Amino acid sequence: MHKDNQPLIFELTREGRIGYSLPDLDVPDLELSSLLPDGFIREEAAELPEVSELDIMRHYTALSNRNHGIDSGFYPLGSCTMKYNPKINESVARYPGFANIHPLQDESTVQGAMEVMYDLQEHLVEITGMDEVTLQPAAGAHGEWTALMMIRAFHEANGDFNRTKVLVPDSAHGTNPASATVAGFDTVTVKSGENGLVDLEDLKKQVGPDTAALMLTNPNTLGLFEEEILEMAAIVHEAGGKLYYDGANLNAVMSKARPGDMGFDAVHLNLHKTFTGPHGGGGPGSGPVGVKKDLVPFLPKPVLVKEEDTYTFEYDRPQSIGRVKPFYGNFGIYLRAYTYIRSMGPDGLKAVTENAVLNANYMMRRLEPYFDLPYNRHCKHEFVLSGRRQKKLGVRTLDMAKRLLDFGYHPPTIYFPLNVEEGMMIEPTETESKETLDAFCDALIQIAKEAEENPEIVQNAPHTTVVNRLDETKAARQPVLRYTK
Amino acid sequence: MRHRYIPMTETDQAEMMKTIGISSIDELFADIPEKVRFKGEYNIKKAKSETSLVKELSKLAAKNADARTYASFLGAGVYDHYKPIIVDHVISRSEFYTAYTPYQPEISQGELQAIFEFQTMICELTGMDLANSSMYDGGTALAEAGTLSAGHTRRKKLLVSETVHPESRDVVLSYAAGQAIEVVTIPQKDGVTDIAKLEELMDEDTAAVLVQYPNFFGQIEDIKKISEIAHDNGGLFVVSSNPLALGVLTPPGKLGADITVGDAQPFGIPEAFGGPHCGYFAVTKKLMRKVPGRLVGETTDDEGRRGYVLTLQAREQHIRRDKATSNICSNQALNALAASVAMTALGKVGTQEIAYQNIVKTRYAKEAFEKAGFDVKFGSAHFNEIVVDCKKPVKEVNDQLFAKGIIGGYDLSLTYPELANHALIAVTEQRTKEEIDALVQEMEALHA
């Protein structure tokens, strides 16, 4: 691809061109001034583009050519589960009976949609080992906050108003502490031990009568299973706290261990990760929350119930935390997830996890001789390498990530989790072939060699993308956040 | 087992296990304690082939009454509008929809530039200085505007007009509860915010006044006046606005709004049973560093080429963790793209024309109802929505209409008990004169 600029759509504007086809006006034409109050009619038109339909298609096609998706190539972005997004999902979501139905229609006219929702909830209950599931949250972080609000309501319903703290391991996703803050809690960080797992002694020290909950990802962001999960659950539960499961890494344990059986009281799932959402360049997602019995009264409303063969939304839920989103969540996304689950079945989901974990371990062992591996044991669906060795040669992990772009790959997640120096978090997923994994490993091994023999080529990467590295400092210091003529 | 989404063959697996140094995949799960290990398979439905799944799901979809088969007069925050066919062709480009958040700008220039264009279009329509890359929806965007205001002013009270969408008000309440923010409802009078009551309620603890423009009843609030009242007491002014209406309405940014939020669903996004839609969040410059979520900014590379990056990230959860301005991570990027394409297709002229058509058609429906002897409540200016006294329970009316191929209006008694027997009837440019006439006739016939 040659290096160039793509003009902004505003720069393609020519007065007099249009790109729309509105219905003919079939009612009497009236003066706008007779329809709107004085002072509320816009004086200057919004400066939106004036382009033809072909202009639009060429523009966005050019933009799509400047973008890398899973369909373009391998995307081993750790913690993001960038697996193949099946095309049947996209078709189903566009059926008029799903895409063109209004959320406030009479329930008798949308029973098909409600049946999908109910059946999906039942499937997620079984997959997570929880008692009930709400589909309302729009994304993972939204699910975290929803569950924390329920935990807070649970404590308060017990007359317990002093549980102001949420414990979060230092390796946790950034959304965990942020969600705790939005839910009105203070965050307390729990340390990881030398083995990369939560330090039980530190957990015991931090937990107390002010603990509302512990938020945990299992396997954690290093891709390691928290083996002492039952002990941790006991510590938190004995102190009266609740255990929260961040489901971002569920792809690692499907059919192998369920959050409900590990002692978790609440869990969110990222349907746009494990269940093939897709990601959409940053959403929309879907973040259902599953809970155990004692949190059920606090579920957001409405709650979907089935009576005989009829589905209804129940609003009379006096202890509910209320509504967390207008309507019933991101239906179009969880409909895709449902289609995926039904395409996989129980044996399929088991194979998903087994292959995802096999792929990660295979890559880890292939790359181990060339990079530092801070936690050398079987990983789950992802693993974290350290670029310490290359850093000593003047090549940083960022440089290696940029160099991978020249090979046509999306780089791994870098500099996360925070407890690994020059970290590189690799998650291959189960939908990639051995040839793809091998080719990627070969590229990374070549880059490690380049770091020794020809560091400049890595330090100055990428060389083949439409732009070189961009000046992020300038972007932040002199923010230009919109186009002006 | 073999599955079309999983390419590993037994030969592949054997070679890989050899490299790892294991003899069975189970060994990779040996670290899961016996006590929590799940044995066997999930008790869920067996896998279906593509063909049989398509059959099953098509049947389920066909059980629902959709707006292509029925003439729908339901609005109340979600609208059946013109969706330029090109929108779906653009968002079906899988370089867009199978990408993650654009963390690697060099291979994400397409998405980043598209978001930059979205931000610009939202600024143009709302008259605000800057807009973010999107929020989940209009309701959560409004709630985050409320919590932002409380944080910015260090005050703990929000005044929310009763004419704001009831479900959005519910979401504001849920978010406020987390941060011990008090929410007080400003009552409505004649279908708009009661200004006298607002003045009474306004005090120095008020972080912000939140209104909707056009409001839930389709009325045009006097946001100029409300803005003055909000600012006189040092509070912020938050407007939730249907961006399609802003094709002809004076933008909130010109009338004193500090934050304008809303949902871009009217621009090319299907109703989809309530989601995913596309919240937007726009502010004045002084609030730039308080904005939740992703922002895309323009910059250059070392050879002076223009490019786009995620910027001002010191506000965000992945950097600031518990000090972030919001916990939002994934937003609604693909729907922001859909809205951008629709706004581009409509363009400068089409956005004015579509907004005008919505107003003039709503006026036509209002007059048709009045001619037929129905009382249409509230004011003379209407956008999309009118409040019609059906003289009998709306549920009953709607059941009868449905039999005639019409989806009736929203039953206001569900959220405004004083409006028993009143329907909120929405008319968009998609409803033909014929359909409007049929609606009025059928409702009239119910009283004959």
# chains A, B, ... in the order shown; residues from 1 in each chain; ligands from 1

call {"tool": "select_by_dssp", "arguments": {"residues": "region 154-219 of chain A", "states": "strand (DSSP E or B)", "output": "PyMOL selection string"}}
result
chain A and resi 165-169+186-190+192+198+211-217

call {"tool": "residues_around", "arguments": {"residues": "Asp38 (chain A)", "least_positions_apart": "5", "cutoff": "12 Å", "atoms": "only C-alpha atoms", "output": "PyMOL selection string"}}
result
(chain A and resi 32-33+43) or (chain B and resi 220-222+224+249-250+381)

call {"tool": "atom_distance", "arguments": {"atom1": "CA of Asp210 (chain A)", "atom2": "CA of Glu238 (chain A)"}}
result
12.4 Å

call {"tool": "residues_around", "arguments": {"residues": "Glu456 (chain A)", "least_positions_apart": "6", "cutoff": "10 Å", "atoms": "only C-alpha atoms", "output": "number ranges by chain"}}
result
A: 394-395, 399, 450

call {"tool": "write_last_selection", "arguments": {"atoms": "C-alpha atoms", "output": "PDB file, in the first residue's frame"}}
result
ATOM      1  CA  GLY A 394      17.675  -0.581  22.266  1.00  0.00           C
ATOM      2  CA  VAL A 395      14.578  -2.147  20.762  1.00  0.00           C
ATOM      3  CA  ASP A 399       9.079  -1.101  18.125  1.00  0.00           C
ATOM      4  CA  GLU A 450      16.646  -8.052  13.577  1.00  0.00           C
TER       5      GLU A 450
END

call {"tool": "atom_distance", "arguments": {"atom1": "CA of Ile414 (chain A)", "atom2": "CA of Val352 (chain A)"}}
result
24.7 Å

call {"tool": "select_by_dssp", "arguments": {"residues": "region 39-219 of chain B", "states": "helix (DSSP H, G or I)", "output": "PDB file with N, CA and C atoms, in the first residue's frame"}}
result
ATOM      1  N   GLU B  50     -25.803 -24.973   9.374  1.00  0.00           N
ATOM      2  CA  GLU B  50     -26.145 -23.626   8.914  1.00  0.00           C
ATOM      3  C   GLU B  50     -27.575 -23.590   8.358  1.00  0.00           C
ATOM      4  N   THR B  51     -27.886 -24.570   7.526  1.00  0.00           N
ATOM      5  CA  THR B  51     -29.209 -24.597   6.891  1.00  0.00           C
ATOM      6  C   THR B  51     -30.329 -24.694   7.918  1.00  0.00           C
ATOM      7  N   SER B  52     -30.195 -25.600   8.870  1.00  0.00           N
ATOM      8  CA  SER B  52     -31.323 -25.772   9.785  1.00  0.00           C
ATOM      9  C   SER B  52     -31.410 -24.616  10.783  1.00  0.00           C
ATOM     10  N   LEU B  53     -30.270 -24.006  11.100  1.00  0.00           N
ATOM     11  CA  LEU B  53     -30.309 -22.845  11.993  1.00  0.00           C
ATOM     12  C   LEU B  53     -30.976 -21.648  11.304  1.00  0.00           C
ATOM     13  N   VAL B  54     -30.655 -21.474  10.032  1.00  0.00           N
ATOM     14  CA  VAL B  54     -31.285 -20.403   9.262  1.00  0.00           C
ATOM     15  C   VAL B  54     -32.805 -20.593   9.242  1.00  0.00           C
ATOM     16  N   LYS B  55     -33.223 -21.833   9.051  1.00  0.00           N
ATOM     17  CA  LYS B  55     -34.660 -22.127   9.037  1.00  0.00           C
ATOM     18  C   LYS B  55     -35.300 -21.776  10.373  1.00  0.00           C
ATOM     19  N   GLU B  56     -34.667 -22.261  11.433  1.00  0.00           N
ATOM     20  CA  GLU B  56     -35.246 -22.048  12.768  1.00  0.00           C
ATOM     21  C   GLU B  56     -35.325 -20.558  13.106  1.00  0.00           C
ATOM     22  N   LEU B  57     -34.237 -19.843  12.854  1.00  0.00           N
ATOM     23  CA  LEU B  57     -34.206 -18.431  13.244  1.00  0.00           C
ATOM     24  C   LEU B  57     -35.084 -17.571  12.329  1.00  0.00           C
ATOM     25  N   SER B  58     -35.210 -17.964  11.069  1.00  0.00           N
ATOM     26  CA  SER B  58     -36.127 -17.237  10.180  1.00  0.00           C
ATOM     27  C   SER B  58     -37.557 -17.356  10.703  1.00  0.00           C
ATOM     28  N   LYS B  59     -37.890 -18.539  11.165  1.00  0.00           N
ATOM     29  CA  LYS B  59     -39.240 -18.750  11.708  1.00  0.00           C
ATOM     30  C   LYS B  59     -39.469 -17.893  12.942  1.00  0.00           C
ATOM     31  N   LEU B  60     -38.471 -17.842  13.812  1.00  0.00           N
ATOM     32  CA  LEU B  60     -38.600 -17.016  15.017  1.00  0.00           C
ATOM     33  C   LEU B  60     -38.754 -15.544  14.649  1.00  0.00           C
ATOM     34  N   ALA B  61     -37.961 -15.094  13.672  1.00  0.00           N
ATOM     35  CA  ALA B  61     -38.044 -13.698  13.243  1.00  0.00           C
ATOM     36  C   ALA B  61     -39.428 -13.404  12.674  1.00  0.00           C
ATOM     37  N   ALA B  62     -39.959 -14.386  11.943  1.00  0.00           N
ATOM     38  CA  ALA B  62     -41.261 -14.177  11.302  1.00  0.00           C
ATOM     39  C   ALA B  62     -42.405 -14.100  12.310  1.00  0.00           C
ATOM     40  N   ILE B  85     -29.747   2.797   1.685  1.00  0.00           N
ATOM     41  CA  ILE B  85     -29.312   1.404   1.517  1.00  0.00           C
ATOM     42  C   ILE B  85     -27.788   1.292   1.550  1.00  0.00           C
ATOM     43  N   ILE B  86     -27.135   2.369   1.147  1.00  0.00           N
ATOM     44  CA  ILE B  86     -25.669   2.348   1.127  1.00  0.00           C
ATOM     45  C   ILE B  86     -25.071   2.154   2.527  1.00  0.00           C
ATOM     46  N   VAL B  87     -25.820   2.535   3.564  1.00  0.00           N
ATOM     47  CA  VAL B  87     -25.298   2.421   4.931  1.00  0.00           C
ATOM     48  C   VAL B  87     -24.876   0.980   5.217  1.00  0.00           C
ATOM     49  N   ASP B  88     -25.782   0.044   4.920  1.00  0.00           N
ATOM     50  CA  ASP B  88     -25.483  -1.344   5.243  1.00  0.00           C
ATOM     51  C   ASP B  88     -24.330  -1.894   4.404  1.00  0.00           C
ATOM     52  N   HIS B  89     -24.189  -1.375   3.197  1.00  0.00           N
ATOM     53  CA  HIS B  89     -23.069  -1.819   2.358  1.00  0.00           C
ATOM     54  C   HIS B  89     -21.746  -1.351   2.935  1.00  0.00           C
ATOM     55  N   VAL B  90     -21.726  -0.154   3.472  1.00  0.00           N
ATOM     56  CA  VAL B  90     -20.478   0.345   4.055  1.00  0.00           C
ATOM     57  C   VAL B  90     -20.141  -0.409   5.332  1.00  0.00           C
ATOM     58  N   ILE B  91     -21.129  -0.543   6.234  1.00  0.00           N
ATOM     59  CA  ILE B  91     -20.775  -1.177   7.518  1.00  0.00           C
ATOM     60  C   ILE B  91     -20.578  -2.686   7.368  1.00  0.00           C
ATOM     61  N   SER B  94     -15.855  -5.771   5.985  1.00  0.00           N
ATOM     62  CA  SER B  94     -15.425  -6.427   7.219  1.00  0.00           C
ATOM     63  C   SER B  94     -14.122  -5.857   7.768  1.00  0.00           C
ATOM     64  N   GLU B  95     -13.423  -5.028   6.976  1.00  0.00           N
ATOM     65  CA  GLU B  95     -12.255  -4.339   7.551  1.00  0.00           C
ATOM     66  C   GLU B  95     -12.728  -3.432   8.682  1.00  0.00           C
ATOM     67  N   PHE B  96     -13.976  -2.948   8.603  1.00  0.00           N
ATOM     68  CA  PHE B  96     -14.541  -2.139   9.688  1.00  0.00           C
ATOM     69  C   PHE B  96     -15.109  -3.018  10.794  1.00  0.00           C
ATOM     70  N   TYR B  97     -16.015  -3.950  10.415  1.00  0.00           N
ATOM     71  CA  TYR B  97     -16.763  -4.580  11.502  1.00  0.00           C
ATOM     72  C   TYR B  97     -16.007  -5.691  12.209  1.00  0.00           C
ATOM     73  N   PRO B 105      -2.702   2.863  15.318  1.00  0.00           N
ATOM     74  CA  PRO B 105      -3.216   3.825  14.343  1.00  0.00           C
ATOM     75  C   PRO B 105      -2.738   3.589  12.908  1.00  0.00           C
ATOM     76  N   GLU B 106      -1.530   3.060  12.727  1.00  0.00           N
ATOM     77  CA  GLU B 106      -1.012   2.921  11.359  1.00  0.00           C
ATOM     78  C   GLU B 106      -1.858   1.975  10.509  1.00  0.00           C
ATOM     79  N   ILE B 107      -2.505   0.994  11.158  1.00  0.00           N
ATOM     80  CA  ILE B 107      -3.351   0.079  10.382  1.00  0.00           C
ATOM     81  C   ILE B 107      -4.835   0.269  10.729  1.00  0.00           C
ATOM     82  N   GLN B 109      -6.244   3.629  10.200  1.00  0.00           N
ATOM     83  CA  GLN B 109      -6.550   4.983   9.745  1.00  0.00           C
ATOM     84  C   GLN B 109      -7.985   5.098   9.215  1.00  0.00           C
ATOM     85  N   GLY B 110      -8.502   4.018   8.651  1.00  0.00           N
ATOM     86  CA  GLY B 110      -9.860   4.061   8.112  1.00  0.00           C
ATOM     87  C   GLY B 110     -10.881   4.330   9.197  1.00  0.00           C
ATOM     88  N   GLU B 111     -10.815   3.511  10.256  1.00  0.00           N
ATOM     89  CA  GLU B 111     -11.748   3.654  11.378  1.00  0.00           C
ATOM     90  C   GLU B 111     -11.555   5.016  12.062  1.00  0.00           C
ATOM     91  N   LEU B 112     -10.298   5.374  12.295  1.00  0.00           N
ATOM     92  CA  LEU B 112     -10.019   6.625  13.012  1.00  0.00           C
ATOM     93  C   LEU B 112     -10.530   7.830  12.231  1.00  0.00           C
ATOM     94  N   GLN B 113     -10.282   7.831  10.929  1.00  0.00           N
ATOM     95  CA  GLN B 113     -10.759   8.965  10.130  1.00  0.00           C
ATOM     96  C   GLN B 113     -12.289   9.003  10.101  1.00  0.00           C
ATOM     97  N   ALA B 114     -12.908   7.816  10.012  1.00  0.00           N
ATOM     98  CA  ALA B 114     -14.375   7.772  10.005  1.00  0.00           C
ATOM     99  C   ALA B 114     -14.932   8.343  11.316  1.00  0.00           C
ATOM    100  N   ILE B 115     -14.281   8.027  12.427  1.00  0.00           N
ATOM    101  CA  ILE B 115     -14.751   8.564  13.716  1.00  0.00           C
ATOM    102  C   ILE B 115     -14.537  10.078  13.770  1.00  0.00           C
ATOM    103  N   PHE B 116     -13.385  10.526  13.266  1.00  0.00           N
ATOM    104  CA  PHE B 116     -13.107  11.973  13.232  1.00  0.00           C
ATOM    105  C   PHE B 116     -14.201  12.690  12.442  1.00  0.00           C
ATOM    106  N   GLU B 117     -14.615  12.090  11.345  1.00  0.00           N
ATOM    107  CA  GLU B 117     -15.694  12.680  10.540  1.00  0.00           C
ATOM    108  C   GLU B 117     -17.022  12.657  11.309  1.00  0.00           C
ATOM    109  N   PHE B 118     -17.262  11.555  12.031  1.00  0.00           N
ATOM    110  CA  PHE B 118     -18.478  11.465  12.868  1.00  0.00           C
ATOM    111  C   PHE B 118     -18.469  12.593  13.902  1.00  0.00           C
ATOM    112  N   GLN B 119     -17.336  12.759  14.584  1.00  0.00           N
ATOM    113  CA  GLN B 119     -17.229  13.808  15.607  1.00  0.00           C
ATOM    114  C   GLN B 119     -17.562  15.178  15.002  1.00  0.00           C
ATOM    115  N   THR B 120     -17.059  15.394  13.784  1.00  0.00           N
ATOM    116  CA  THR B 120     -17.293  16.678  13.120  1.00  0.00           C
ATOM    117  C   THR B 120     -18.778  16.871  12.799  1.00  0.00           C
ATOM    118  N   MET B 121     -19.407  15.817  12.275  1.00  0.00           N
ATOM    119  CA  MET B 121     -20.823  15.934  11.904  1.00  0.00           C
ATOM    120  C   MET B 121     -21.691  16.211  13.133  1.00  0.00           C
ATOM    121  N   ILE B 122     -21.376  15.537  14.246  1.00  0.00           N
ATOM    122  CA  ILE B 122     -22.145  15.774  15.477  1.00  0.00           C
ATOM    123  C   ILE B 122     -21.948  17.214  15.942  1.00  0.00           C
ATOM    124  N   CYS B 123     -20.726  17.720  15.839  1.00  0.00           N
ATOM    125  CA  CYS B 123     -20.474  19.131  16.195  1.00  0.00           C
ATOM    126  C   CYS B 123     -21.300  20.059  15.312  1.00  0.00           C
ATOM    127  N   GLU B 124     -21.330  19.774  14.021  1.00  0.00           N
ATOM    128  CA  GLU B 124     -22.076  20.622  13.091  1.00  0.00           C
ATOM    129  C   GLU B 124     -23.561  20.663  13.457  1.00  0.00           C
ATOM    130  N   LEU B 125     -24.130  19.494  13.752  1.00  0.00           N
ATOM    131  CA  LEU B 125     -25.564  19.446  14.037  1.00  0.00           C
ATOM    132  C   LEU B 125     -25.895  20.064  15.396  1.00  0.00           C
ATOM    133  N   THR B 126     -25.051  19.817  16.404  1.00  0.00           N
ATOM    134  CA  THR B 126     -25.385  20.261  17.763  1.00  0.00           C
ATOM    135  C   THR B 126     -24.881  21.662  18.065  1.00  0.00           C
ATOM    136  N   GLY B 138     -28.510   6.967  23.907  1.00  0.00           N
ATOM    137  CA  GLY B 138     -28.882   8.281  24.410  1.00  0.00           C
ATOM    138  C   GLY B 138     -29.109   8.302  25.912  1.00  0.00           C
ATOM    139  N   GLY B 139     -29.669   7.233  26.456  1.00  0.00           N
ATOM    140  CA  GLY B 139     -29.981   7.178  27.885  1.00  0.00           C
ATOM    141  C   GLY B 139     -28.739   7.176  28.758  1.00  0.00           C
ATOM    142  N   THR B 140     -27.773   6.313  28.440  1.00  0.00           N
ATOM    143  CA  THR B 140     -26.556   6.282  29.258  1.00  0.00           C
ATOM    144  C   THR B 140     -25.703   7.528  29.000  1.00  0.00           C
ATOM    145  N   ALA B 141     -25.805   8.104  27.800  1.00  0.00           N
ATOM    146  CA  ALA B 141     -25.074   9.348  27.522  1.00  0.00           C
ATOM    147  C   ALA B 141     -25.611  10.460  28.428  1.00  0.00           C
ATOM    148  N   LEU B 142     -26.925  10.505  28.581  1.00  0.00           N
ATOM    149  CA  LEU B 142     -27.516  11.524  29.449  1.00  0.00           C
ATOM    150  C   LEU B 142     -27.086  11.297  30.899  1.00  0.00           C
ATOM    151  N   ALA B 143     -27.087  10.032  31.317  1.00  0.00           N
ATOM    152  CA  ALA B 143     -26.673   9.715  32.685  1.00  0.00           C
ATOM    153  C   ALA B 143     -25.225  10.142  32.919  1.00  0.00           C
ATOM    154  N   GLU B 144     -24.364   9.903  31.945  1.00  0.00           N
ATOM    155  CA  GLU B 144     -22.955  10.290  32.113  1.00  0.00           C
ATOM    156  C   GLU B 144     -22.798  11.811  32.064  1.00  0.00           C
ATOM    157  N   ALA B 145     -23.682  12.483  31.335  1.00  0.00           N
ATOM    158  CA  ALA B 145     -23.658  13.955  31.354  1.00  0.00           C
ATOM    159  C   ALA B 145     -24.001  14.443  32.761  1.00  0.00           C
ATOM    160  N   GLY B 146     -24.920  13.746  33.405  1.00  0.00           N
ATOM    161  CA  GLY B 146     -25.292  14.092  34.779  1.00  0.00           C
ATOM    162  C   GLY B 146     -24.136  13.896  35.749  1.00  0.00           C
ATOM    163  N   THR B 147     -23.475  12.735  35.662  1.00  0.00           N
ATOM    164  CA  THR B 147     -22.380  12.486  36.605  1.00  0.00           C
ATOM    165  C   THR B 147     -21.183  13.393  36.296  1.00  0.00           C
ATOM    166  N   LEU B 148     -20.950  13.676  35.010  1.00  0.00           N
ATOM    167  CA  LEU B 148     -19.877  14.624  34.656  1.00  0.00           C
ATOM    168  C   LEU B 148     -20.159  15.985  35.304  1.00  0.00           C
ATOM    169  N   SER B 149     -21.416  16.438  35.210  1.00  0.00           N
ATOM    170  CA  SER B 149     -21.784  17.747  35.767  1.00  0.00           C
ATOM    171  C   SER B 149     -21.548  17.785  37.268  1.00  0.00           C
ATOM    172  N   ALA B 150     -21.935  16.698  37.943  1.00  0.00           N
ATOM    173  CA  ALA B 150     -21.757  16.657  39.393  1.00  0.00           C
ATOM    174  C   ALA B 150     -20.268  16.711  39.740  1.00  0.00           C
ATOM    175  N   GLY B 151     -19.463  15.978  38.992  1.00  0.00           N
ATOM    176  CA  GLY B 151     -18.030  15.988  39.232  1.00  0.00           C
ATOM    177  C   GLY B 151     -17.419  17.353  38.943  1.00  0.00           C
ATOM    178  N   HIS B 152     -17.837  17.958  37.848  1.00  0.00           N
ATOM    179  CA  HIS B 152     -17.252  19.234  37.428  1.00  0.00           C
ATOM    180  C   HIS B 152     -17.606  20.368  38.390  1.00  0.00           C
ATOM    181  N   THR B 153     -18.861  20.404  38.826  1.00  0.00           N
ATOM    182  CA  THR B 153     -19.304  21.518  39.690  1.00  0.00           C
ATOM    183  C   THR B 153     -19.112  21.206  41.163  1.00  0.00           C
ATOM    184  N   PRO B 166     -38.832   8.780  29.718  1.00  0.00           N
ATOM    185  CA  PRO B 166     -38.897   8.111  31.026  1.00  0.00           C
ATOM    186  C   PRO B 166     -37.801   7.060  31.231  1.00  0.00           C
ATOM    187  N   GLU B 167     -37.443   6.343  30.172  1.00  0.00           N
ATOM    188  CA  GLU B 167     -36.411   5.313  30.354  1.00  0.00           C
ATOM    189  C   GLU B 167     -35.039   5.956  30.544  1.00  0.00           C
ATOM    190  N   SER B 168     -34.800   7.088  29.891  1.00  0.00           N
ATOM    191  CA  SER B 168     -33.539   7.799  30.109  1.00  0.00           C
ATOM    192  C   SER B 168     -33.480   8.324  31.538  1.00  0.00           C
ATOM    193  N   ARG B 169     -34.623   8.826  32.035  1.00  0.00           N
ATOM    194  CA  ARG B 169     -34.639   9.312  33.421  1.00  0.00           C
ATOM    195  C   ARG B 169     -34.336   8.172  34.380  1.00  0.00           C
ATOM    196  N   ASP B 170     -34.867   6.982  34.087  1.00  0.00           N
ATOM    197  CA  ASP B 170     -34.571   5.817  34.931  1.00  0.00           C
ATOM    198  C   ASP B 170     -33.073   5.527  34.954  1.00  0.00           C
ATOM    199  N   VAL B 171     -32.438   5.636  33.788  1.00  0.00           N
ATOM    200  CA  VAL B 171     -31.001   5.343  33.721  1.00  0.00           C
ATOM    201  C   VAL B 171     -30.207   6.410  34.490  1.00  0.00           C
ATOM    202  N   VAL B 172     -30.640   7.667  34.378  1.00  0.00           N
ATOM    203  CA  VAL B 172     -29.993   8.744  35.143  1.00  0.00           C
ATOM    204  C   VAL B 172     -30.055   8.406  36.630  1.00  0.00           C
ATOM    205  N   LEU B 173     -31.216   7.958  37.090  1.00  0.00           N
ATOM    206  CA  LEU B 173     -31.390   7.592  38.503  1.00  0.00           C
ATOM    207  C   LEU B 173     -30.422   6.488  38.907  1.00  0.00           C
ATOM    208  N   SER B 174     -30.302   5.462  38.066  1.00  0.00           N
ATOM    209  CA  SER B 174     -29.424   4.328  38.408  1.00  0.00           C
ATOM    210  C   SER B 174     -27.969   4.776  38.519  1.00  0.00           C
ATOM    211  N   TYR B 175     -27.526   5.590  37.563  1.00  0.00           N
ATOM    212  CA  TYR B 175     -26.131   6.061  37.607  1.00  0.00           C
ATOM    213  C   TYR B 175     -25.911   6.976  38.813  1.00  0.00           C
ATOM    214  N   ALA B 176     -26.886   7.856  39.064  1.00  0.00           N
ATOM    215  CA  ALA B 176     -26.750   8.811  40.163  1.00  0.00           C
ATOM    216  C   ALA B 176     -26.655   8.073  41.497  1.00  0.00           C
ATOM    217  N   ALA B 177     -27.401   6.973  41.618  1.00  0.00           N
ATOM    218  CA  ALA B 177     -27.413   6.219  42.875  1.00  0.00           C
ATOM    219  C   ALA B 177     -26.007   5.757  43.247  1.00  0.00           C
ATOM    220  N   GLY B 178     -25.226   5.406  42.247  1.00  0.00           N
ATOM    221  CA  GLY B 178     -23.873   4.928  42.522  1.00  0.00           C
ATOM    222  C   GLY B 178     -22.994   5.999  43.137  1.00  0.00           C
ATOM    223  N   ILE B 195     -41.396  26.116  33.833  1.00  0.00           N
ATOM    224  CA  ILE B 195     -40.300  27.063  34.113  1.00  0.00           C
ATOM    225  C   ILE B 195     -40.385  27.634  35.532  1.00  0.00           C
ATOM    226  N   ALA B 196     -41.614  27.933  35.973  1.00  0.00           N
ATOM    227  CA  ALA B 196     -41.770  28.497  37.320  1.00  0.00           C
ATOM    228  C   ALA B 196     -41.288  27.490  38.365  1.00  0.00           C
ATOM    229  N   LYS B 197     -41.644  26.227  38.169  1.00  0.00           N
ATOM    230  CA  LYS B 197     -41.211  25.171  39.108  1.00  0.00           C
ATOM    231  C   LYS B 197     -39.693  25.007  39.048  1.00  0.00           C
ATOM    232  N   LEU B 198     -39.148  25.105  37.854  1.00  0.00           N
ATOM    233  CA  LEU B 198     -37.699  24.995  37.709  1.00  0.00           C
ATOM    234  C   LEU B 198     -37.012  26.093  38.527  1.00  0.00           C
ATOM    235  N   GLU B 199     -37.536  27.307  38.411  1.00  0.00           N
ATOM    236  CA  GLU B 199     -36.934  28.423  39.158  1.00  0.00           C
ATOM    237  C   GLU B 199     -36.986  28.191  40.661  1.00  0.00           C
ATOM    238  N   GLU B 200     -38.099  27.608  41.108  1.00  0.00           N
ATOM    239  CA  GLU B 200     -38.224  27.292  42.539  1.00  0.00           C
ATOM    240  C   GLU B 200     -37.208  26.239  42.976  1.00  0.00           C
ATOM    241  N   LEU B 201     -37.039  25.225  42.140  1.00  0.00           N
ATOM    242  CA  LEU B 201     -36.186  24.085  42.519  1.00  0.00           C
ATOM    243  C   LEU B 201     -34.696  24.409  42.422  1.00  0.00           C
TER     244      LEU B 201
END

call {"tool": "closest_residue", "arguments": {"among": "A:Phe275, A:Tyr340, A:Tyr483, A:Phe416", "to": "chain B", "atoms": "only C-alpha atoms"}}
result
A:Tyr483

call {"tool": "residues_around", "arguments": {"residues": "Tyr100 (chain B)", "least_positions_apart": "4", "cutoff": "6 Å", "atoms": "only C-alpha atoms", "output": "ChimeraX atom specification"}}
result
/A:279,281-282

call {"tool": "closest_residue", "arguments": {"among": "B:Lys18, B:His231, B:Lys348, B:Lys285", "to": "chain A", "atoms": "only C-alpha atoms"}}
result
B:Lys348

call {"tool": "atom_distance", "arguments": {"atom1": "CA of Ile229 (chain A)", "atom2": "CA of Gly40 (chain B)"}}
result
21.0 Å

call {"tool": "residues_around", "arguments": {"residues": "region 409-425 of chain B", "least_positions_apart": "6", "cutoff": "7 Å", "atoms": "only C-alpha atoms", "output": "PyMOL selection string"}}
result
chain B and resi 73-74+76+166+385-395

call {"tool": "closest_residue", "arguments": {"among": "B:Gly350, B:Thr101, B:Gln212, B:Phe383", "to": "Arg17 (chain A)", "atoms": "only C-alpha atoms"}}
result
B:Gly350
